[in-house]
Amino acid sequence: MRMGFARSTCISLLGLLTTALALPAQEHEDFEDPPINYSATLPKDIAAKINAAFADKADEIRSWPARKRLRWLLEQCNAPVESQLMVFSKTSLQRDIISPSNPRVLYFSDEAYIGWVPGGSIELTVFDPTLGATFYTLDAQATESKELLHRSNECLSCHKSYEHTPSLRDRSIYPDALGEPLSGSSTSNIEASTPLQERWGGWYVTGIPGDFFHRGNTMGKSAGDFEGTDALHSKCLATLPEQVDPQRYLKATSDIIPLIVHDHQVYVHNVLAHANLTSRLALYRWPAMRDLLGLPEQAPPSGSCLVVFNNQAEKIIEALLCKGEPDWPTRGIQGNGEFEKAYAKERRPDTQGRALRDLDLKTRLFRYRCSPLIYSQSFATLPPLLREIVLQRLATGLQAAEPTDEFKNLPADERKAIYEIIKATLPDLPKEWH
């Protein structure tokens, strides 16, 4: 899926096949070796728990109508219906049935990403504590697997784009009238710093029309239609285009607020997954390095191993603190208000009623610019040393009178608020917080 779903954002299946035929062998990835052993390791993620819990009902659930199966999976993954997004570009392995009149819908929670296109399979991407992003399908015709959610590694052909890590994809393209990516067009991953004006090409974007333009809702005949001073652009749509039958979906929206939150989450999840994998590889190689240095067996990681941990900690902190967030429209951004209410249900307020999940939407995404994904399993299951380094540096940086570069995007009062909220709401903090 375009946001990171199991099969979602493979930019062109035909292009991938052509490339694969031209190469003598597929590039080998570090995550297929010890200690990760991605393909050979049984996941311990949400999907594995669902499979175990519903093993005796697998055939019954498969027999349900697609929309019932979809609602059931959203409930199991705590993904609100209000998070629904619509992507009409043919950027998925299910590209043959995706079109501007039959868009793919995506849903997400803090831990899971679900996708479905009418007439196709339901897809699920979750994050395993060791493996990173893992990909599944829930198919009514699944005969190759007895498990309800069938793990599929073919998605890795596209979903290893972030630093060669099993990860999500979040892309903005130049689509034609059929949803095909235009030849020669720019197709970049959306990152934390991507200007809002360059986002959501190939997506429907609904909400309250504001004072800024983006690439959503648009289709062209050539890449040139999207470039230059006369480029195609769009504001939010009050309703979906007439060619989309809302009765086929759970909601008649692709609201701009969950779109922006989704962009943020995908980026942070990818940073966490890469840091997790990279640090585990460094730890695995540490004993050999320790022996070469003649250090005792009890010696803690140092040298190049510690450099890896510190580099990854810096990337995590910058992602969590929304560093490089793009300029916000002068009058803010307004959706239909439904997602905001659903998103707030998972708030973790401190004694003053403040929470990292509080949205701003007037000058930026979050009122207190520290990602709520600091509460996620992806953060909690980082190698303990890496998690401790991140939290130690957060404690020091948020309280410093003169902030380092990692913290300079936050004014002093916001740093103080973030420190107090984390201290009150995040368990297992190191001694620097006490």
# chains A, B, ... in the order shown; residues from 1 in each chain; ligands from 1
>>> select_by_dssp(residues="range 29-218 of chain A", states="helix (DSSP H, G or I)", output="PyMOL selection string")
chain A and resi 30-32+46-53+55-62+66-76+81-83+95-97+153-157+196-198
>>> write_last_selection(atoms="C-alpha atoms", output="mmCIF file, in the first residue's frame")
data_model
loop_
_atom_site.group_PDB
_atom_site.id
_atom_site.type_symbol
_atom_site.label_atom_id
_atom_site.label_comp_id
_atom_site.auth_asym_id
_atom_site.auth_seq_id
_atom_site.Cartn_x
_atom_site.Cartn_y
_atom_site.Cartn_z
ATOM 1 C CA ASP A 30 21.621 -7.899 5.709
ATOM 2 C CA PHE A 31 18.238 -8.485 7.349
ATOM 3 C CA GLU A 32 18.154 -11.996 5.852
ATOM 4 C CA ILE A 46 0.033 -8.393 16.375
ATOM 5 C CA ALA A 47 -0.794 -10.590 13.372
ATOM 6 C CA ALA A 48 0.750 -13.632 15.036
ATOM 7 C CA LYS A 49 -1.385 -12.995 18.115
ATOM 8 C CA ILE A 50 -4.534 -12.635 15.984
ATOM 9 C CA ASN A 51 -3.756 -15.883 14.184
ATOM 10 C CA ALA A 52 -3.345 -17.715 17.484
ATOM 11 C CA ALA A 53 -6.488 -16.222 19.015
ATOM 12 C CA ALA A 55 -7.228 -20.233 14.732
ATOM 13 C CA ASP A 56 -10.467 -22.150 15.289
ATOM 14 C CA LYS A 57 -12.529 -19.475 13.479
ATOM 15 C CA ALA A 58 -10.243 -18.897 10.482
ATOM 16 C CA ASP A 59 -12.516 -20.567 7.920
ATOM 17 C CA GLU A 60 -15.590 -18.804 9.278
ATOM 18 C CA ILE A 61 -13.947 -15.366 9.147
ATOM 19 C CA ARG A 62 -12.703 -15.972 5.602
ATOM 20 C CA ALA A 66 -15.194 -8.342 2.536
ATOM 21 C CA ARG A 67 -16.552 -5.307 4.386
ATOM 22 C CA LYS A 68 -17.353 -7.429 7.464
ATOM 23 C CA ARG A 69 -13.860 -8.941 7.401
ATOM 24 C CA LEU A 70 -12.423 -5.451 7.055
ATOM 25 C CA ARG A 71 -14.360 -4.061 10.025
ATOM 26 C CA TRP A 72 -13.357 -7.079 12.101
ATOM 27 C CA LEU A 73 -9.650 -6.580 11.320
ATOM 28 C CA LEU A 74 -9.865 -2.852 12.104
ATOM 29 C CA GLU A 75 -11.301 -3.719 15.519
ATOM 30 C CA GLN A 76 -8.570 -6.272 16.230
ATOM 31 C CA VAL A 81 -12.733 3.797 10.717
ATOM 32 C CA GLU A 82 -12.229 7.578 10.847
ATOM 33 C CA SER A 83 -8.610 7.084 9.747
ATOM 34 C CA ARG A 95 -2.891 -2.261 -9.432
ATOM 35 C CA ASP A 96 -5.157 -3.976 -11.976
ATOM 36 C CA ILE A 97 -8.292 -3.230 -9.932
ATOM 37 C CA ASN A 153 7.379 -11.617 1.734
ATOM 38 C CA GLU A 154 6.889 -10.766 -1.942
ATOM 39 C CA CYS A 155 6.040 -7.274 -0.711
ATOM 40 C CA LEU A 156 9.733 -6.774 0.091
ATOM 41 C CA SER A 157 10.367 -6.129 -3.601
ATOM 42 C CA LEU A 196 2.697 19.941 2.103
ATOM 43 C CA GLN A 197 2.362 21.382 -1.408
ATOM 44 C CA GLU A 198 4.238 18.354 -2.795
#
>>> residues_around(residues="Leu398 in chain A", least_positions_apart="3", cutoff="12 Å", atoms="only C-alpha atoms", output="PyMOL selection string")
chain A and resi 317+321+369-370+390-395+401-423+432-433
>>> closest_atom_pairs(of="range 327-409 of chain A", to="range 270-287 of chain A", cutoff="7 Å", atoms="only C-alpha atoms", output="JSON lines")
{"residue": "A:Ser378", "atom": "CA", "partner": "A:Leu272", "partner_atom": "CA", "distance": 6.5}
{"residue": "A:Phe379", "atom": "CA", "partner": "A:Leu272", "partner_atom": "CA", "distance": 6.7}
{"residue": "A:Leu382", "atom": "CA", "partner": "A:Asn276", "partner_atom": "CA", "distance": 5.5}
{"residue": "A:Pro383", "atom": "CA", "partner": "A:Asn276", "partner_atom": "CA", "distance": 6.7}
>>> write_last_selection(atoms="N, CA and C atoms", output="PDB file, in the first residue's frame")
ATOM      1  N   SER A 378       7.107  -0.372  18.831  1.00  0.00           N
ATOM      2  CA  SER A 378       8.333  -0.207  18.053  1.00  0.00           C
ATOM      3  C   SER A 378       9.403   0.523  18.848  1.00  0.00           C
ATOM      4  N   PHE A 379       8.999   1.478  19.680  1.00  0.00           N
ATOM      5  CA  PHE A 379       9.961   2.172  20.536  1.00  0.00           C
ATOM      6  C   PHE A 379      10.291   1.340  21.770  1.00  0.00           C
ATOM      7  N   LEU A 382      12.927  -1.506  21.167  1.00  0.00           N
ATOM      8  CA  LEU A 382      14.278  -1.231  20.693  1.00  0.00           C
ATOM      9  C   LEU A 382      15.276  -1.957  21.598  1.00  0.00           C
ATOM     10  N   PRO A 383      16.473  -2.275  21.109  1.00  0.00           N
ATOM     11  CA  PRO A 383      17.478  -2.823  22.015  1.00  0.00           C
ATOM     12  C   PRO A 383      17.594  -1.939  23.259  1.00  0.00           C
TER      13      PRO A 383
END
>>> decode(residues="range 58-90 of chain A", atoms="N, CA and C atoms", output="PDB file, in the first residue's frame")
ATOM      1  N   ALA A  58     -10.846 -19.423  11.709  1.00  0.00           N
ATOM      2  CA  ALA A  58     -10.243 -18.897  10.482  1.00  0.00           C
ATOM      3  C   ALA A  58     -11.147 -19.099   9.269  1.00  0.00           C
ATOM      4  N   ASP A  59     -11.678 -20.304   9.092  1.00  0.00           N
ATOM      5  CA  ASP A  59     -12.516 -20.567   7.920  1.00  0.00           C
ATOM      6  C   ASP A  59     -13.799 -19.751   7.961  1.00  0.00           C
ATOM      7  N   GLU A  60     -14.366 -19.591   9.150  1.00  0.00           N
ATOM      8  CA  GLU A  60     -15.590 -18.804   9.278  1.00  0.00           C
ATOM      9  C   GLU A  60     -15.344 -17.348   8.918  1.00  0.00           C
ATOM     10  N   ILE A  61     -14.246 -16.780   9.418  1.00  0.00           N
ATOM     11  CA  ILE A  61     -13.947 -15.366   9.147  1.00  0.00           C
ATOM     12  C   ILE A  61     -13.667 -15.158   7.667  1.00  0.00           C
ATOM     13  N   ARG A  62     -12.967 -16.098   7.037  1.00  0.00           N
ATOM     14  CA  ARG A  62     -12.703 -15.972   5.602  1.00  0.00           C
ATOM     15  C   ARG A  62     -13.992 -15.951   4.789  1.00  0.00           C
ATOM     16  N   SER A  63     -15.024 -16.608   5.308  1.00  0.00           N
ATOM     17  CA  SER A  63     -16.280 -16.704   4.563  1.00  0.00           C
ATOM     18  C   SER A  63     -17.126 -15.440   4.648  1.00  0.00           C
ATOM     19  N   TRP A  64     -16.774 -14.527   5.536  1.00  0.00           N
ATOM     20  CA  TRP A  64     -17.545 -13.298   5.689  1.00  0.00           C
ATOM     21  C   TRP A  64     -17.401 -12.416   4.448  1.00  0.00           C
ATOM     22  N   PRO A  65     -18.395 -11.558   4.186  1.00  0.00           N
ATOM     23  CA  PRO A  65     -18.234 -10.543   3.132  1.00  0.00           C
ATOM     24  C   PRO A  65     -17.031  -9.653   3.427  1.00  0.00           C
ATOM     25  N   ALA A  66     -16.439  -9.097   2.390  1.00  0.00           N
ATOM     26  CA  ALA A  66     -15.194  -8.342   2.536  1.00  0.00           C
ATOM     27  C   ALA A  66     -15.318  -7.202   3.537  1.00  0.00           C
ATOM     28  N   ARG A  67     -16.407  -6.454   3.484  1.00  0.00           N
ATOM     29  CA  ARG A  67     -16.552  -5.307   4.386  1.00  0.00           C
ATOM     30  C   ARG A  67     -16.650  -5.753   5.833  1.00  0.00           C
ATOM     31  N   LYS A  68     -17.272  -6.911   6.097  1.00  0.00           N
ATOM     32  CA  LYS A  68     -17.353  -7.429   7.464  1.00  0.00           C
ATOM     33  C   LYS A  68     -15.973  -7.873   7.936  1.00  0.00           C
ATOM     34  N   ARG A  69     -15.229  -8.544   7.045  1.00  0.00           N
ATOM     35  CA  ARG A  69     -13.860  -8.941   7.401  1.00  0.00           C
ATOM     36  C   ARG A  69     -12.998  -7.710   7.680  1.00  0.00           C
ATOM     37  N   LEU A  70     -13.196  -6.673   6.873  1.00  0.00           N
ATOM     38  CA  LEU A  70     -12.423  -5.451   7.055  1.00  0.00           C
ATOM     39  C   LEU A  70     -12.729  -4.814   8.398  1.00  0.00           C
ATOM     40  N   ARG A  71     -13.993  -4.653   8.729  1.00  0.00           N
ATOM     41  CA  ARG A  71     -14.360  -4.061  10.025  1.00  0.00           C
ATOM     42  C   ARG A  71     -13.800  -4.893  11.177  1.00  0.00           C
ATOM     43  N   TRP A  72     -13.881  -6.209  11.052  1.00  0.00           N
ATOM     44  CA  TRP A  72     -13.357  -7.079  12.101  1.00  0.00           C
ATOM     45  C   TRP A  72     -11.854  -6.852  12.307  1.00  0.00           C
ATOM     46  N   LEU A  73     -11.092  -6.771  11.204  1.00  0.00           N
ATOM     47  CA  LEU A  73      -9.650  -6.580  11.320  1.00  0.00           C
ATOM     48  C   LEU A  73      -9.316  -5.212  11.899  1.00  0.00           C
ATOM     49  N   LEU A  74     -10.085  -4.183  11.524  1.00  0.00           N
ATOM     50  CA  LEU A  74      -9.865  -2.852  12.104  1.00  0.00           C
ATOM     51  C   LEU A  74     -10.045  -2.899  13.618  1.00  0.00           C
ATOM     52  N   GLU A  75     -11.055  -3.609  14.082  1.00  0.00           N
ATOM     53  CA  GLU A  75     -11.301  -3.719  15.519  1.00  0.00           C
ATOM     54  C   GLU A  75     -10.152  -4.443  16.213  1.00  0.00           C
ATOM     55  N   GLN A  76      -9.661  -5.520  15.617  1.00  0.00           N
ATOM     56  CA  GLN A  76      -8.570  -6.272  16.230  1.00  0.00           C
ATOM     57  C   GLN A  76      -7.295  -5.434  16.327  1.00  0.00           C
ATOM     58  N   CYS A  77      -7.102  -4.545  15.382  1.00  0.00           N
ATOM     59  CA  CYS A  77      -5.885  -3.724  15.341  1.00  0.00           C
ATOM     60  C   CYS A  77      -6.089  -2.339  15.950  1.00  0.00           C
ATOM     61  N   ASN A  78      -7.285  -2.092  16.494  1.00  0.00           N
ATOM     62  CA  ASN A  78      -7.600  -0.800  17.119  1.00  0.00           C
ATOM     63  C   ASN A  78      -7.401   0.354  16.145  1.00  0.00           C
ATOM     64  N   ALA A  79      -7.725   0.119  14.885  1.00  0.00           N
ATOM     65  CA  ALA A  79      -7.609   1.151  13.852  1.00  0.00           C
ATOM     66  C   ALA A  79      -8.981   1.775  13.625  1.00  0.00           C
ATOM     67  N   PRO A  80      -9.153   3.056  13.900  1.00  0.00           N
ATOM     68  CA  PRO A  80     -10.475   3.674  13.753  1.00  0.00           C
ATOM     69  C   PRO A  80     -10.901   3.802  12.298  1.00  0.00           C
ATOM     70  N   VAL A  81     -12.184   3.612  12.058  1.00  0.00           N
ATOM     71  CA  VAL A  81     -12.733   3.797  10.717  1.00  0.00           C
ATOM     72  C   VAL A  81     -12.469   5.224  10.243  1.00  0.00           C
ATOM     73  N   GLU A  82     -12.429   6.161  11.183  1.00  0.00           N
ATOM     74  CA  GLU A  82     -12.229   7.578  10.847  1.00  0.00           C
ATOM     75  C   GLU A  82     -10.843   7.859  10.256  1.00  0.00           C
ATOM     76  N   SER A  83      -9.942   6.889  10.340  1.00  0.00           N
ATOM     77  CA  SER A  83      -8.610   7.084   9.747  1.00  0.00           C
ATOM     78  C   SER A  83      -8.593   6.781   8.252  1.00  0.00           C
ATOM     79  N   GLN A  84      -9.738   6.478   7.673  1.00  0.00           N
ATOM     80  CA  GLN A  84      -9.797   6.050   6.267  1.00  0.00           C
ATOM     81  C   GLN A  84      -9.170   7.070   5.315  1.00  0.00           C
ATOM     82  N   LEU A  85      -8.307   6.568   4.437  1.00  0.00           N
ATOM     83  CA  LEU A  85      -7.684   7.344   3.374  1.00  0.00           C
ATOM     84  C   LEU A  85      -7.940   6.634   2.053  1.00  0.00           C
ATOM     85  N   MET A  86      -7.928   7.363   0.955  1.00  0.00           N
ATOM     86  CA  MET A  86      -8.166   6.775  -0.361  1.00  0.00           C
ATOM     87  C   MET A  86      -7.029   7.120  -1.307  1.00  0.00           C
ATOM     88  N   VAL A  87      -6.458   6.085  -1.931  1.00  0.00           N
ATOM     89  CA  VAL A  87      -5.410   6.272  -2.929  1.00  0.00           C
ATOM     90  C   VAL A  87      -5.896   5.665  -4.243  1.00  0.00           C
ATOM     91  N   PHE A  88      -5.866   6.469  -5.311  1.00  0.00           N
ATOM     92  CA  PHE A  88      -6.389   5.997  -6.590  1.00  0.00           C
ATOM     93  C   PHE A  88      -5.292   5.671  -7.594  1.00  0.00           C
ATOM     94  N   SER A  89      -4.032   5.905  -7.244  1.00  0.00           N
ATOM     95  CA  SER A  89      -2.950   5.599  -8.174  1.00  0.00           C
ATOM     96  C   SER A  89      -2.666   4.106  -8.189  1.00  0.00           C
ATOM     97  N   LYS A  90      -2.223   3.625  -9.322  1.00  0.00           N
ATOM     98  CA  LYS A  90      -1.920   2.207  -9.481  1.00  0.00           C
ATOM     99  C   LYS A  90      -0.521   1.929  -8.956  1.00  0.00           C
TER     100      LYS A  90
END
